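Student: query-v2.cif is reproduced in full below (mmCIF, C-alpha atoms).
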data_model
#
loop_
_atom_site.group_PDB
_atom_site.id
_atom_site.type_symbol
_atom_site.label_atom_id
_atom_site.label_comp_id
_atom_site.auth_asym_id
_atom_site.auth_seq_id
_atom_site.Cartn_x
_atom_site.Cartn_y
_atom_site.Cartn_z
ATOM 1 C CA MET A 1 7.169 101.055 29.498
ATOM 2 C CA LEU A 2 10.649 101.793 28.150
ATOM 3 C CA ILE A 3 10.539 98.673 25.987
ATOM 4 C CA LYS A 4 7.227 99.755 24.417
ATOM 5 C CA PHE A 5 8.689 103.189 23.682
ATOM 6 C CA ILE A 6 11.741 101.643 22.022
ATOM 7 C CA GLU A 7 9.492 99.291 20.007
ATOM 8 C CA PHE A 8 7.420 102.287 18.881
ATOM 9 C CA ILE A 9 10.534 104.216 17.784
ATOM 10 C CA GLY A 10 11.776 101.119 15.957
ATOM 11 C CA ALA A 11 8.462 100.676 14.151
ATOM 12 C CA VAL A 12 8.410 104.337 13.126
ATOM 13 C CA ILE A 13 11.957 104.171 11.759
ATOM 14 C CA GLU A 14 11.626 100.727 10.162
ATOM 15 C CA LYS A 15 8.837 101.552 7.704
ATOM 16 C CA PRO A 16 10.608 104.405 5.828
ATOM 17 C CA LEU A 17 13.879 102.471 5.794
ATOM 18 C CA LEU A 18 12.178 99.439 4.239
ATOM 19 C CA GLY A 19 10.686 101.686 1.566
ATOM 20 C CA LEU A 20 14.062 103.283 0.907
ATOM 21 C CA GLY A 21 15.632 99.836 0.658
ATOM 22 C CA ARG A 22 13.075 98.762 -1.943
ATOM 23 C CA ILE A 23 13.717 101.930 -3.941
ATOM 24 C CA MET A 24 17.470 101.310 -3.843
ATOM 25 C CA LEU A 25 16.996 97.700 -4.994
ATOM 26 C CA LEU A 26 14.860 98.914 -7.894
ATOM 27 C CA LEU A 27 17.445 101.564 -8.775
ATOM 28 C CA GLY A 28 20.247 99.002 -8.719
ATOM 29 C CA SER A 29 18.283 96.593 -10.880
ATOM 30 C CA THR A 30 17.458 99.386 -13.331
ATOM 31 C CA LEU A 31 21.064 100.535 -13.592
ATOM 32 C CA LYS A 32 22.219 96.949 -14.060
ATOM 33 C CA GLY A 33 19.655 96.447 -16.824
ATOM 34 C CA ILE A 34 20.766 99.629 -18.598
ATOM 35 C CA VAL A 35 24.406 98.624 -18.985
ATOM 36 C CA ARG A 36 23.986 94.912 -19.685
ATOM 37 C CA PRO A 37 23.659 93.691 -23.268
ATOM 38 C CA PRO A 38 21.669 92.978 -25.392
ATOM 39 C CA PHE A 39 20.880 96.547 -26.331
ATOM 40 C CA GLU A 40 17.599 96.568 -28.230
ATOM 41 C CA LEU A 41 17.483 99.978 -29.870
ATOM 42 C CA ARG A 42 14.238 99.246 -31.731
ATOM 43 C CA ASN A 43 12.495 98.303 -28.475
ATOM 44 C CA PHE A 44 13.892 101.427 -26.785
ATOM 45 C CA VAL A 45 12.614 103.720 -29.557
ATOM 46 C CA ASN A 46 9.229 101.972 -29.535
ATOM 47 C CA GLN A 47 8.897 102.536 -25.789
ATOM 48 C CA MET A 48 9.879 106.191 -26.186
ATOM 49 C CA MET A 49 7.121 106.583 -28.798
ATOM 50 C CA GLN A 50 4.578 104.906 -26.526
ATOM 51 C CA ILE A 51 5.489 106.974 -23.475
ATOM 52 C CA GLY A 52 6.164 110.308 -25.148
ATOM 53 C CA VAL A 53 4.378 110.826 -28.439
ATOM 54 C CA ASN A 54 1.305 108.686 -27.816
ATOM 55 C CA SER A 55 0.597 110.409 -24.496
ATOM 56 C CA LEU A 56 0.473 113.846 -26.154
ATOM 57 C CA PRO A 57 -3.367 113.971 -26.377
ATOM 58 C CA VAL A 58 -3.700 113.357 -22.642
ATOM 59 C CA VAL A 59 -1.135 116.067 -21.902
ATOM 60 C CA LEU A 60 -2.893 118.528 -24.208
ATOM 61 C CA VAL A 61 -6.320 117.921 -22.639
ATOM 62 C CA THR A 62 -4.840 118.368 -19.167
ATOM 63 C CA ALA A 63 -3.094 121.582 -20.242
ATOM 64 C CA VAL A 64 -6.278 123.007 -21.775
ATOM 65 C CA PHE A 65 -8.379 122.350 -18.678
ATOM 66 C CA THR A 66 -5.644 123.668 -16.384
ATOM 67 C CA GLY A 67 -5.437 126.829 -18.486
ATOM 68 C CA MET A 68 -9.204 127.288 -18.373
ATOM 69 C CA VAL A 69 -9.277 126.937 -14.598
ATOM 70 C CA LEU A 70 -6.368 129.346 -14.224
ATOM 71 C CA ALA A 71 -8.063 131.880 -16.503
ATOM 72 C CA LEU A 72 -11.337 131.529 -14.595
ATOM 73 C CA GLN A 73 -9.663 132.022 -11.224
ATOM 74 C CA SER A 74 -7.526 134.962 -12.321
ATOM 75 C CA TYR A 75 -10.435 136.755 -14.042
ATOM 76 C CA THR A 76 -11.685 138.244 -10.795
#
Output the file's structure as structure tokens, nothing else.

Tutor:
Amino acid sequence: MLIKFIEFIGAVIEKPLLGLGRIMLLLGSTLKGIVRPPFELRNFVNQMMQIGVNSLPVVLVTAVFTGMVLALQSYT
């Protein structure tokens, strides 16, 4: 009975720690990739355009619908 309890506690603790470990590995790999050459400025600017400027229509549509729902709920 005690062994099953300890196994249960271990299983509960193991899952979040594995997730945290994967996040830390990804963070380390990202930081390593940031500081290692070659630095491709053109690729970086292109990705910023794709992520930021080209997603503006989606953000605007979401903002409009959120504003409409907020106005509808606060009307009463």

Student: How many Å lie between atom CA of A:Lys32 and atom CA of A:Glu14, rounded to one decimal?

Tutor: 26.7 Å

Student: By how many Å are atom CA of A:Pro57 and atom CA of A:Glu40 apart?

Tutor: 27.3 Å

Student: Can you work out the spacing between atom CA of A:Pro38 and atom CA of A:Asn54 in Å, to one decimal?

Tutor: 25.8 Å

Student: Would you place a box with edges along x, y and z of the file around all atoms of stretch 50-64 of chain A listed there, add 4 Å to each of its six sides, and report the centre and edge lengths in Å to one decimal, as JSON?

Tutor:
{"center_x": -0.1, "center_y": 114.0, "center_z": -23.8, "size_x": 20.5, "size_y": 26.1, "size_z": 17.3}
